[in-house]
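Asker: Contents of input.pdb (PDB, C-alpha atoms):
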MODEL        1
ATOM      1  CA  MET B   1       0.000   0.000   0.000
ATOM      2  CA  ASP B   2       1.439   3.411  -0.842
ATOM      3  CA  SER B   3       1.508   6.406   1.503
ATOM      4  CA  LEU B   4      -1.304   8.161  -0.381
ATOM      5  CA  ASP B   5      -3.632   5.216   0.248
ATOM      6  CA  ILE B   6      -2.698   5.143   3.932
ATOM      7  CA  GLN B   7      -3.219   8.866   4.421
ATOM      8  CA  SER B   8      -6.571   8.726   2.643
ATOM      9  CA  ILE B   9      -7.757   5.996   5.025
ATOM     10  CA  LEU B  10      -6.445   7.691   8.168
ATOM     11  CA  GLN B  11      -7.980  11.038   7.321
ATOM     12  CA  SER B  12     -11.500   9.827   6.536
ATOM     13  CA  SER B  13     -14.145  10.853   9.072
ATOM     14  CA  ASN B  14     -15.493   7.294   9.238
ATOM     15  CA  PHE B  15     -12.090   5.914  10.150
ATOM     16  CA  GLN B  16     -11.568   8.620  12.752
ATOM     17  CA  ALA B  17     -14.869   7.653  14.393
ATOM     18  CA  PHE B  18     -13.827   3.993  14.383
ATOM     19  CA  TRP B  19     -10.350   4.804  15.688
ATOM     20  CA  ALA B  20     -11.711   6.789  18.653
ATOM     21  CA  ASP B  21     -12.567   3.516  20.425
ATOM     22  CA  TYR B  22      -8.894   2.507  20.576
ATOM     23  CA  ASP B  23      -7.234   5.298  22.488
ATOM     24  CA  PHE B  24      -4.742   2.822  23.962
ATOM     25  CA  LEU B  25      -3.078   2.481  20.546
ATOM     26  CA  LYS B  26      -0.393   4.830  19.277
ATOM     27  CA  ILE B  27      -0.174   6.005  15.687
ATOM     28  CA  GLU B  28       3.024   3.988  15.224
ATOM     29  CA  ASP B  29       1.112   0.849  16.273
ATOM     30  CA  LEU B  30      -1.495   1.514  13.616
ATOM     31  CA  MET B  31       1.137   2.135  10.957
ATOM     32  CA  ALA B  32       2.981  -1.061  11.871
ATOM     33  CA  LEU B  33      -0.227  -3.031  11.388
ATOM     34  CA  VAL B  34      -1.395  -1.244   8.239
ATOM     35  CA  ASN B  35       1.992  -1.684   6.575
ATOM     36  CA  THR B  36       1.666  -5.486   6.776
ATOM     37  CA  GLY B  37      -1.598  -5.394   4.784
ATOM     38  CA  LYS B  38      -2.362  -5.131   1.090
ATOM     39  CA  LEU B  39      -5.283  -3.379  -0.550
ATOM     40  CA  GLN B  40      -7.634  -5.627  -2.517
ATOM     41  CA  GLN B  41     -10.519  -4.550  -4.728
ATOM     42  CA  LEU B  42     -13.228  -7.210  -4.615
ATOM     43  CA  PRO B  43     -15.845  -6.663  -7.351
ATOM     44  CA  LYS B  44     -19.512  -7.261  -6.602
ATOM     45  CA  ASN B  45     -20.499 -10.968  -6.654
ATOM     46  CA  GLN B  46     -16.897 -12.166  -6.335
ATOM     47  CA  HIS B  47     -15.732 -14.252  -3.378
ATOM     48  CA  PHE B  48     -13.146 -13.321  -0.795
ATOM     49  CA  ILE B  49     -13.042 -16.921   0.507
ATOM     50  CA  GLN B  50     -15.025 -19.911  -0.814
ATOM     51  CA  ALA B  51     -16.311 -22.976   1.004
ATOM     52  CA  GLY B  52     -13.761 -25.787   0.929
ATOM     53  CA  GLU B  53     -10.769 -23.443   1.013
ATOM     54  CA  PHE B  54      -8.219 -23.246   3.778
ATOM     55  CA  SER B  55      -7.387 -19.563   4.080
ATOM     56  CA  LYS B  56      -5.889 -17.604   6.955
ATOM     57  CA  LYS B  57      -6.290 -14.224   5.326
ATOM     58  CA  VAL B  58      -8.103 -11.518   7.263
ATOM     59  CA  GLY B  59      -9.897  -8.753   5.392
ATOM     60  CA  PHE B  60     -10.592  -5.399   7.047
ATOM     61  CA  ILE B  61     -13.443  -3.837   5.078
ATOM     62  CA  LEU B  62     -12.769  -0.209   4.157
ATOM     63  CA  GLU B  63     -15.699   0.145   1.772
ATOM     64  CA  GLY B  64     -18.431  -2.288   0.775
ATOM     65  CA  LEU B  65     -20.406  -5.238   2.068
ATOM     66  CA  ILE B  66     -19.714  -8.985   2.355
ATOM     67  CA  ARG B  67     -22.104 -11.802   3.214
ATOM     68  CA  PHE B  68     -21.144 -15.064   4.935
ATOM     69  CA  TYR B  69     -23.284 -17.945   3.688
ATOM     70  CA  HIS B  70     -23.516 -21.715   3.739
ATOM     71  CA  LEU B  71     -24.685 -23.796   0.772
ATOM     72  CA  LYS B  72     -26.688 -26.930   1.544
ATOM     73  CA  ASP B  73     -28.726 -29.022  -0.904
ATOM     74  CA  GLY B  74     -28.537 -26.225  -3.466
ATOM     75  CA  GLU B  75     -29.908 -23.587  -1.077
ATOM     76  CA  GLU B  76     -27.956 -20.682   0.381
ATOM     77  CA  TYR B  77     -28.240 -19.767   4.065
ATOM     78  CA  ASN B  78     -26.943 -16.331   5.019
ATOM     79  CA  LEU B  79     -25.372 -16.084   8.452
ATOM     80  CA  VAL B  80     -23.753 -12.646   8.734
ATOM     81  CA  PHE B  81     -23.376  -9.419   6.770
ATOM     82  CA  LYS B  82     -20.113  -7.539   7.299
ATOM     83  CA  HIS B  83     -19.734  -3.858   6.398
ATOM     84  CA  GLU B  84     -17.231  -1.020   6.734
ATOM     85  CA  PHE B  85     -14.646  -1.354   9.535
ATOM     86  CA  GLN B  86     -15.466  -4.967  10.272
ATOM     87  CA  MET B  87     -13.365  -8.077   9.697
ATOM     88  CA  ALA B  88     -14.000 -10.834   7.167
ATOM     89  CA  SER B  89     -12.138 -14.027   7.989
ATOM     90  CA  SER B  90     -12.683 -17.740   8.570
ATOM     91  CA  PHE B  91     -12.396 -18.768  12.201
ATOM     92  CA  GLU B  92     -12.717 -22.376  11.077
ATOM     93  CA  CYS B  93      -9.396 -21.979   9.289
ATOM     94  CA  ILE B  94      -7.678 -19.750  11.847
ATOM     95  CA  VAL B  95      -8.879 -21.317  15.099
ATOM     96  CA  LEU B  96      -9.966 -24.847  14.170
ATOM     97  CA  LYS B  97      -7.313 -25.216  11.449
ATOM     98  CA  GLN B  98      -9.725 -26.782   8.969
ATOM     99  CA  ALA B  99     -11.186 -25.779   5.621
ATOM    100  CA  THR B 100     -14.089 -23.382   5.865
ATOM    101  CA  SER B 101     -17.665 -24.531   5.285
ATOM    102  CA  TYR B 102     -18.782 -20.974   4.524
ATOM    103  CA  SER B 103     -18.362 -18.704   1.525
ATOM    104  CA  TYR B 104     -17.670 -14.975   1.722
ATOM    105  CA  GLU B 105     -19.105 -12.984  -1.180
ATOM    106  CA  ALA B 106     -19.106  -9.262  -1.940
ATOM    107  CA  LEU B 107     -22.617  -7.821  -2.267
ATOM    108  CA  GLU B 108     -21.119  -4.534  -3.461
ATOM    109  CA  ASP B 109     -17.814  -3.488  -4.968
ATOM    110  CA  THR B 110     -15.685  -3.848  -1.862
ATOM    111  CA  LEU B 111     -12.295  -2.485  -0.831
ATOM    112  CA  LEU B 112     -10.377  -4.456   1.792
ATOM    113  CA  LEU B 113      -7.090  -4.211   3.605
ATOM    114  CA  VAL B 114      -5.986  -7.841   3.621
ATOM    115  CA  PHE B 115      -3.639  -9.386   6.179
ATOM    116  CA  ASP B 116      -2.034 -12.775   6.626
ATOM    117  CA  TYR B 117      -3.068 -14.019  10.065
ATOM    118  CA  ASP B 118       0.312 -15.602  10.805
ATOM    119  CA  GLN B 119       2.031 -12.265  10.133
ATOM    120  CA  MET B 120      -0.482 -10.551  12.411
ATOM    121  CA  GLU B 121       0.312 -13.056  15.158
ATOM    122  CA  GLU B 122       4.020 -12.282  14.863
ATOM    123  CA  LEU B 123       3.296  -8.571  15.134
ATOM    124  CA  PHE B 124       0.985  -9.049  18.112
ATOM    125  CA  ALA B 125       3.653 -11.071  19.902
ATOM    126  CA  GLN B 126       5.981  -8.068  19.648
ATOM    127  CA  ASN B 127       3.476  -5.376  20.622
ATOM    128  CA  GLN B 128       1.166  -5.659  23.633
ATOM    129  CA  ARG B 129      -1.094  -2.819  22.501
ATOM    130  CA  LEU B 130      -1.709  -4.477  19.146
ATOM    131  CA  GLU B 131      -2.223  -7.813  20.881
ATOM    132  CA  ARG B 132      -4.953  -6.147  22.959
ATOM    133  CA  PHE B 133      -6.466  -4.722  19.768
ATOM    134  CA  GLY B 134      -6.516  -8.177  18.140
ATOM    135  CA  ARG B 135      -8.011  -9.794  21.222
ATOM    136  CA  TYR B 136     -10.809  -7.229  21.251
ATOM    137  CA  PHE B 137     -11.719  -8.050  17.651
ATOM    138  CA  ILE B 138     -11.852 -11.776  18.374
ATOM    139  CA  GLN B 139     -14.154 -11.095  21.315
ATOM    140  CA  GLN B 140     -16.379  -8.973  19.081
ATOM    141  CA  GLU B 141     -16.579 -11.738  16.472
ATOM    142  CA  LEU B 142     -17.554 -14.316  19.073
ATOM    143  CA  ALA B 143     -20.157 -11.998  20.603
ATOM    144  CA  MET B 144     -21.660 -11.383  17.156
ATOM    145  CA  ALA B 145     -21.852 -15.133  16.459
ATOM    146  CA  VAL B 146     -23.652 -15.725  19.756
ATOM    147  CA  LYS B 147     -26.172 -12.961  18.978
ATOM    148  CA  VAL B 148     -26.901 -14.422  15.544
ATOM    149  CA  PHE B 149     -27.644 -17.871  16.971
ATOM    150  CA  GLU B 150     -29.729 -16.402  19.791
ATOM    151  CA  LYS B 151     -31.922 -14.554  17.318
ATOM    152  CA  HIS B 152     -32.523 -17.674  15.263
ATOM    153  CA  LEU B 153     -33.261 -19.778  18.340
ATOM    154  CA  PHE B 154     -35.425 -17.434  20.378
ATOM    155  CA  TYR B 155     -36.860 -14.754  18.053
ATOM    156  CA  SER B 156     -39.749 -14.980  15.622
ATOM    157  CA  PRO B 157     -39.053 -13.879  12.009
ATOM    158  CA  GLU B 158     -40.799 -10.553  12.679
ATOM    159  CA  GLU B 159     -38.739 -10.015  15.838
ATOM    160  CA  ARG B 160     -35.564 -10.799  13.878
ATOM    161  CA  TYR B 161     -36.586  -8.252  11.256
ATOM    162  CA  LEU B 162     -37.265  -5.568  13.889
ATOM    163  CA  LYS B 163     -33.939  -6.279  15.574
ATOM    164  CA  PHE B 164     -32.087  -6.051  12.268
ATOM    165  CA  LEU B 165     -33.884  -2.792  11.500
ATOM    166  CA  GLU B 166     -32.854  -1.426  14.885
ATOM    167  CA  GLU B 167     -29.225  -2.534  14.764
ATOM    168  CA  TYR B 168     -28.412  -2.145  11.061
ATOM    169  CA  PRO B 169     -30.745   0.482   9.521
ATOM    170  CA  HIS B 170     -27.965   1.470   7.102
ATOM    171  CA  LEU B 171     -27.987  -2.035   5.588
ATOM    172  CA  MET B 172     -31.706  -2.282   4.815
ATOM    173  CA  ASN B 173     -31.297  -0.758   1.353
ATOM    174  CA  ARG B 174     -27.950  -2.412   0.691
ATOM    175  CA  VAL B 175     -28.809  -6.089   1.229
ATOM    176  CA  PRO B 176     -30.947  -7.649  -1.544
ATOM    177  CA  LEU B 177     -34.339  -8.904  -0.389
ATOM    178  CA  LYS B 178     -33.549 -12.570  -1.134
ATOM    179  CA  HIS B 179     -30.403 -12.469   1.023
ATOM    180  CA  LEU B 180     -32.152 -10.618   3.825
ATOM    181  CA  ALA B 181     -34.991 -13.177   3.746
ATOM    182  CA  SER B 182     -32.480 -16.040   3.967
ATOM    183  CA  PHE B 183     -30.820 -14.339   6.926
ATOM    184  CA  MET B 184     -34.225 -14.014   8.624
ATOM    185  CA  GLY B 185     -35.058 -17.661   7.896
ATOM    186  CA  VAL B 186     -38.120 -16.887   5.753
ATOM    187  CA  THR B 187     -39.036 -16.700   2.067
ATOM    188  CA  PRO B 188     -38.831 -13.361   0.214
ATOM    189  CA  VAL B 189     -42.652 -13.338   0.029
ATOM    190  CA  SER B 190     -42.938 -13.780   3.800
ATOM    191  CA  LEU B 191     -40.369 -11.043   4.383
ATOM    192  CA  SER B 192     -42.322  -8.666   2.147
ATOM    193  CA  ARG B 193     -45.421  -9.337   4.254
ATOM    194  CA  ILE B 194     -43.479  -8.735   7.470
ATOM    195  CA  ARG B 195     -42.107  -5.451   6.128
ATOM    196  CA  LYS B 196     -45.571  -4.288   5.099
ATOM    197  CA  ARG B 197     -47.054  -5.259   8.461
ATOM    198  CA  VAL B 198     -44.311  -3.432  10.358
ATOM    199  CA  ALA B 199     -44.703  -0.336   8.166
ATOM    200  CA  ASP B 200     -48.497  -0.346   8.649
ATOM    201  CA  ASN B 201     -48.123  -0.642  12.427
ATOM    202  CA  ARG B 202     -45.824   2.374  12.469
ATOM    203  CA  ASN B 203     -48.193   4.582  10.489
TER     204      ASN B 203
ENDMDL
END
In structure tokens, how does this file's structure come out?
Answerer:
Amino acid sequence: MDSLDIQSILQSSNFQAFWADYDFLKIEDLMALVNTGKLQQLPKNQHFIQAGEFSKKVGFILEGLIRFYHLKDGEEYNLVFKHEFQMASSFECIVLKQATSYSYEALEDTLLLVFDYDQMEELFAQNQRLERFGRYFIQQELAMAVKVFEKHLFYSPEERYLKFLEEYPHLMNRVPLKHLASFMGVTPVSLSRIRKRVADNRN
């Protein structure tokens, strides 16, 4: 990555808002981490990682949107949508050391800063502040996974829709209806009915 790319990222208002949560890091820590990554343009509908691959790359999303999905009996099941300033990586590969059973596809033209996890581990071992930063992200990923499973176990489809609307209003017009319906565990027709019912109740 050249210096112009780095400066553009660091100076964006969105990055500054994200960065404010990590006041324990120094600018030299950030630069050490950023300099180990490479920018990757991922066109819409292309995969970052595909099911069956063993990949330890970690993508930090600068712009765009990626869905995590599982394919079974010819049907796709969406698990998570990742957007700007979130990580896209396979914990099956990194933690369990096995090929991933999920695919990671761009729903929009997506720009990522891509790292090799083993290189990140080496850097974390040398820098306690970065190690803390990495640990926080792992905790966030695990917390997100727990929330997803809780919603599918304990919430009705309409409750899942309302929760998604509350937590991710900025994604409602970015995620295609068929993918959102799969995430909710309903058909697109059922989701359309839920959306209409919710809109009517709010009028």
Asker: Figure out the distance between atom CA of Arg160 of chain B and atom CA of Met184 of chain B, please, to one decimal in Å.
Answerer: 6.3 Å
Asker: Considering all atoms listed in the file, return as a list of chain:residue names whatever protein or nucleic-acid residues lie within 12 Å of segment 188-199 of chain B, sequence-local ones (same chain, fewer than 6 positions apart) excluded.
Answerer: B:Ser156, B:Pro157, B:Glu158, B:Glu159, B:Arg160, B:Tyr161, B:Leu162, B:Lys163, B:Phe164, B:Leu165, B:Met172, B:Pro176, B:Leu177, B:Lys178, B:His179, B:Leu180, B:Ala181, B:Ser182
Asker: To one decimal place in Å, what is the distance between atom CA of Phe68 of chain B and atom CA of Ile49 of chain B?
Answerer: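 Interatomic distance here is 9.4 Å.
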Asker: Starting from the PyMOL selection byres ((chain B and resi 112) around 7), expand the selection into actual residues of this file and give them as a ChimeraX atom specification.
Answerer: /B:39-41,59-62,110-111,113-114
Asker: Within 9 Å of segment 84-88 of chain B, counting all atoms listed in the file, which residues qualify if same-chain residues fewer than 5 places away don't, as a list in words?
Answerer: Asn14, Phe15, Phe18, Phe48, Lys57, Val58, Gly59, Phe60, Ile61, Leu62, Glu63, Gly64, Leu65, Ile66, Phe68, Tyr104, Phe137 and Glu141 of chain B
Asker: What's around segment 118-130 of chain B at 8 Å? Count only C-alpha atoms, leave out sequence neighbours fewer than 5 positions away in its own chain, and write the answer as a list in words.
Answerer: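 That gives Phe24, Leu25, Asp29, Leu33, Thr36 and Lys56 of chain B.
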Asker: Can those selected residues be exported to a file as a CSV table (one decimal), keeping the file's coordinate frame so that it contains C-alpha atoms?
Answerer:
chain,number,residue,atom,x,y,z
B,24,PHE,CA,-4.7,2.8,24.0
B,25,LEU,CA,-3.1,2.5,20.5
B,29,ASP,CA,1.1,0.8,16.3
B,33,LEU,CA,-0.2,-3.0,11.4
B,36,THR,CA,1.7,-5.5,6.8
B,56,LYS,CA,-5.9,-17.6,7.0
Asker: Enter the distance from atom CA of Ala51 of chain B to atom CA of Ala99 of chain B, in Å, rounded to one decimal.
Answerer: 7.4 Å
Asker: Given only C-alpha atoms as the basis, pick out the residue of B:Lys38, B:His47, B:His70, B:His83 nearest to Tyr168 of chain B.
Answerer: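 That would be B:His83, the residue with the smallest distance to Tyr168 of chain B.
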Asker: Edge lengths and centre in Å to one decimal, as JSON, is what I'm after for the box along x, y and z that holds all listed atoms of segment 85-89 of chain B once 8 Å is added on each side.
Answerer:
{"center_x": -13.8, "center_y": -7.7, "center_z": 8.7, "size_x": 19.3, "size_y": 28.7, "size_z": 19.1}
Asker: With distances taken over all atoms listed in the file, which residue among B:His170, B:Leu79, B:Val175, B:Ser90 lies nearest His152 of chain B?
Answerer: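 Under the stated criterion, the closest residue is B:Leu79.
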Asker: The PyMOL selection byres ((chain B and resi 92) around 12) on the file shown: which residues, as a list in words?
Answerer: Ile49, Ala51, Gly52, Glu53, Phe54, Ser55, Lys56, Lys57, Ser89, Ser90, Phe91, Cys93, Ile94, Val95, Leu96, Lys97, Gln98, Ala99, Thr100, Ser101, Tyr102 and Ser103 of chain B
Asker: Using all atoms listed in the file and a cutoff of 12 Å, can you tell me which residues are near (-25.9, -8.1, 19.6) in the file's coordinates, and write them out as a count of residues only?
Answerer: 19
